[in-house]
Number of protein chains: 2
Amino acid sequence: MGLDTAIAKPHDELRSLLAGDLDAVNHLIRERMASEHAPRIPEVTAHLVEAGGKRVRPMLTLAAARMCGYDGAHHVKLAATVEFIHTATLLHDDVVDESGQRRGRPSANLLWDNKSSVLVGDYLFARSFQLMIETGSMRVLDILANASATIAEGEVLQLTAAQDLATDEATYIQIVRGKTAALFAAATEVGGVIAGAPEDQVAALHAYGDALGIAFQIADDLLDYGGTAAIGKNIGDDFRERKMTLPVIHAVAAAEGEEAAFWNRVIARGRQQEGDLEQAIELFRRHGSLDATRDKALGWAKKAKDALAPLPEGRIRELMRDLADYVVERIN
Amino acid sequence: MGLDTAIAKPHDELRSLLAGDLDAVNHLIRERMASEHAPRIPEVTAHLVEAGGKRVRPMLTLAAARMCGYDGAHHVKLAATVEFIHTATLLHDDVVDESGQRRGRPSANLLWDNKSSVLVGDYLFARSFQLMIETGSMRVLDILANASATIAEGEVLQLTAAQDLATDEATYIQIVRGKTAALFAAATEVGGVIAGAPEDQVAALHAYGDALGIAFQIADDLLDYGGTAAIGKNIGDDFRERKMTLPVIHAVAAAEGEEAAFWNRVIARGRQQEGDLEQAIELFRRHGSLDATRDKALGWAKKAKDALAPLPEGRIRELMRDLADYVVERIN
């Protein structure tokens, strides 16, 4: 997930504003990922947790809580919870995607094995669950349980939708909610809940996280057909994995005759050959699929910014607004 | 886990006593494993959930709650929670062990793939989490979160302890608590908690489930060196996977010279050849390792029965006592 490495400015200023809280989160993460009985666990998690993740999700939890005037200590637990869930998801993704790279370093399943990735991921889920219980808030638990279900459901849906040319934009958005937006939305929402913010602000925080996550993921999927290796993604990964992302959905909808046969061959049947990626990009150009995708991403970024309206004015809100611009800046 | 197929009599009478509750649990399981968006999920889970599992763990939750006089409806949710956690663990085990059989049918990871097993397992964990939240009991959540962490920790510990000749009985028990006893202990304990049972009874229920799970797992590990294919296990599976179960730990402790070299070759270095399993069993006979293991299993079964003392007398308590005898009957 390139967001972790791509964000610079609004992210960096948020990091400064929340430096004390973030130190506490990092301390708690190191403390709670330890295992008395199984030293393999911190070996695997340290690899991920210290591998340069920018802590965007926990920072959003802290930002939401502070913006809503929270002055307790539970937001730190929730931020660590969110990072544990994120890390567990990455570990399980490594198994699932048979990927060999994660944040520019070999993924845990290559350094250790699939077994460790699955089980240490399970351990982190359990630890996140223990942490959130310590807040004593049933509502927070409910939000995070629902997010966990949406995440898993979205990932399963992605499995079955890949290679299926009938996948439409609604299904795509459902997948993106699962793989990306659900955890952003929960991260911001629980920050507001723990602060005791009014209902309209809690709803605004959820809507912001949801739209931010979707904007980010659409931008990321677009860059898969035109980014550079510098952002840590290889162009065409999604194409080779036959994923039905927005550019493909758009181009397939416009395809007839030979074009339809092309998509059927490369996505549905998976018979890819030299030059197919270039041909796909040419079809995107012909139908304006990349422009249409970019417009969607910008639309979701705007939704994220608009969602902030009911929230308390101030520097944090401005930076959250800037963050929404930032996640789509690379494609604009 | 052979318990699901091996238990007959005490299990069957408990099933009759709790028939109404169990129907409600089965109904809830079918309802909650559905997914609006990802039809792959019920496909995978139905395969497991309907594959003849005897529902031992959820039945223990129901039994504990009823024994302690509960007449509400939350025990049904907790029983379904426990079965979801169990099923999720099986799905992740299938990936982890690269096993090809589960309950006598091809495992989910062969019928579908590793991806589905990991992600559908995650989905079931999330669903179990949603279910337990509906009880509104923070204490129940705490017990189940701690059990989840112990399960994952035990499974990771098993990974690192396999092939390690220095593994001792304390480490073995820690592994067994994780892979088997933690969920039994949580299953019985939450039944008491939801019933509002006094503290000594709640502690008794935990101790019973813990000891029952350990007795069962030791018996199961013993049968791996002397059971029959009729119980669904192949003799020598643990040996081939170089697992440090109690018979091996006992024999290794008694080994010198050539025997030590044998264990080093077959377990630590994994250079197994024709006749090694027979040689291992011969060494067990020489040192009384199987008898010593059987004594341990009987000792834990006795602990389980003794733990029941503070609980209300009645048919359920008698059957739970019989169940403790039953899990070790096959080895006695």
# chains A, B, ... in the order shown; residues from 1 in each chain; ligands from 1

$ select_by_dssp --residues "region 74-317 of chain A" --states "strand (DSSP E or B)" --output "list of chain:residue names"
A:Gln101, A:Arg102, A:Arg105, A:Pro106

$ interface_residues --of "chain A" --to "chain B" --cutoff "9 Å" --atoms "only C-alpha atoms" --output "PyMOL selection string"
chain A and resi 35+37-41+92-93+95-97+114-116+118-130+133-134+136-138+141-142+145-160+171+174

$ residues_around --residues "Ala253 (chain A)" --least-positions-apart "4" --cutoff "12 Å" --atoms "only C-alpha atoms" --output "PyMOL selection string"
chain A and resi 165-169+244+246-249+259-260+263+283-284+287-289

$ closest_residue --among "B:Gly72, B:Gly196, B:Gly270, B:Gly191" --to "Ala162 (chain B)" --atoms "only C-alpha atoms"
B:Gly270

$ residues_around --residues "Ala215 (chain A)" --least-positions-apart "2" --cutoff "8 Å" --atoms "only C-alpha atoms" --output "list in words"
Ala211, Leu212, Gly213, Gln217, Ile218, Ala219, Lys296, Ala297, Leu298, Gly299, Trp300, Ala301, Ala324, Val327 and Val328 of chain A

$ write_last_selection --atoms "N, CA and C atoms" --output "short mmCIF file (atom, residue, chain, number, x, y, z; two decimals), in the first residue's frame"
data_model
loop_
_atom_site.label_atom_id
_atom_site.label_comp_id
_atom_site.auth_asym_id
_atom_site.auth_seq_id
_atom_site.Cartn_x
_atom_site.Cartn_y
_atom_site.Cartn_z
N ALA A 211 -14.06 7.76 2.32
CA ALA A 211 -13.80 8.40 1.03
C ALA A 211 -12.29 8.54 0.78
N LEU A 212 -11.55 8.85 1.84
CA LEU A 212 -10.08 8.97 1.71
C LEU A 212 -9.49 7.63 1.25
N GLY A 213 -9.94 6.56 1.86
CA GLY A 213 -9.43 5.24 1.51
C GLY A 213 -9.77 4.87 0.08
N GLN A 217 -7.15 4.28 -2.98
CA GLN A 217 -7.02 3.00 -3.67
C GLN A 217 -7.24 3.14 -5.17
N ILE A 218 -8.18 4.00 -5.56
CA ILE A 218 -8.39 4.22 -7.00
C ILE A 218 -7.12 4.82 -7.61
N ALA A 219 -6.53 5.80 -6.91
CA ALA A 219 -5.29 6.41 -7.40
C ALA A 219 -4.19 5.36 -7.53
N LYS A 296 -12.80 9.76 -11.11
CA LYS A 296 -13.42 9.06 -9.95
C LYS A 296 -12.60 9.29 -8.68
N ALA A 297 -11.29 9.16 -8.80
CA ALA A 297 -10.43 9.35 -7.62
C ALA A 297 -10.58 10.77 -7.08
N LEU A 298 -10.57 11.75 -7.99
CA LEU A 298 -10.71 13.14 -7.56
C LEU A 298 -12.07 13.36 -6.91
N GLY A 299 -13.09 12.71 -7.45
CA GLY A 299 -14.43 12.82 -6.87
C GLY A 299 -14.47 12.31 -5.44
N TRP A 300 -13.82 11.16 -5.19
CA TRP A 300 -13.80 10.63 -3.82
C TRP A 300 -12.95 11.50 -2.89
N ALA A 301 -11.88 12.09 -3.41
CA ALA A 301 -11.08 13.00 -2.59
C ALA A 301 -11.92 14.21 -2.19
N ALA A 324 -6.30 14.57 1.94
CA ALA A 324 -7.19 14.10 0.87
C ALA A 324 -6.70 14.57 -0.49
N VAL A 327 -3.38 12.44 -1.49
CA VAL A 327 -3.44 11.06 -1.98
C VAL A 327 -3.78 10.99 -3.47
N VAL A 328 -4.37 12.06 -4.00
CA VAL A 328 -4.64 12.05 -5.44
C VAL A 328 -3.70 12.97 -6.22
#

$ atom_distance --atom1 "CA of Arg32 (chain A)" --atom2 "CA of Asp164 (chain B)"
26.4 Å

$ closest_residue --among "B:Cys68, B:Ile267, B:Ala254, B:Leu290" --to "Leu222 (chain B)" --atoms "only C-alpha atoms"
B:Leu290

$ atom_distance --atom1 "CA of Arg30 (chain B)" --atom2 "CA of Val140 (chain A)"
26.4 Å

$ residues_around --residues "Leu323 (chain B)" --least-positions-apart "4" --cutoff "7 Å" --atoms "only C-alpha atoms" --output "list of chain:residue names"
B:Pro10, B:His11, B:Leu319, B:Val327

$ write_last_selection --atoms "C-alpha atoms" --output "CSV table (one decimal), in the first residue's frame"
chain,number,residue,atom,x,y,z
B,10,PRO,CA,-21.5,-38.9,27.0
B,11,HIS,CA,-21.4,-36.6,24.0
B,319,LEU,CA,-21.9,-36.2,31.7
B,327,VAL,CA,-11.4,-38.7,25.9
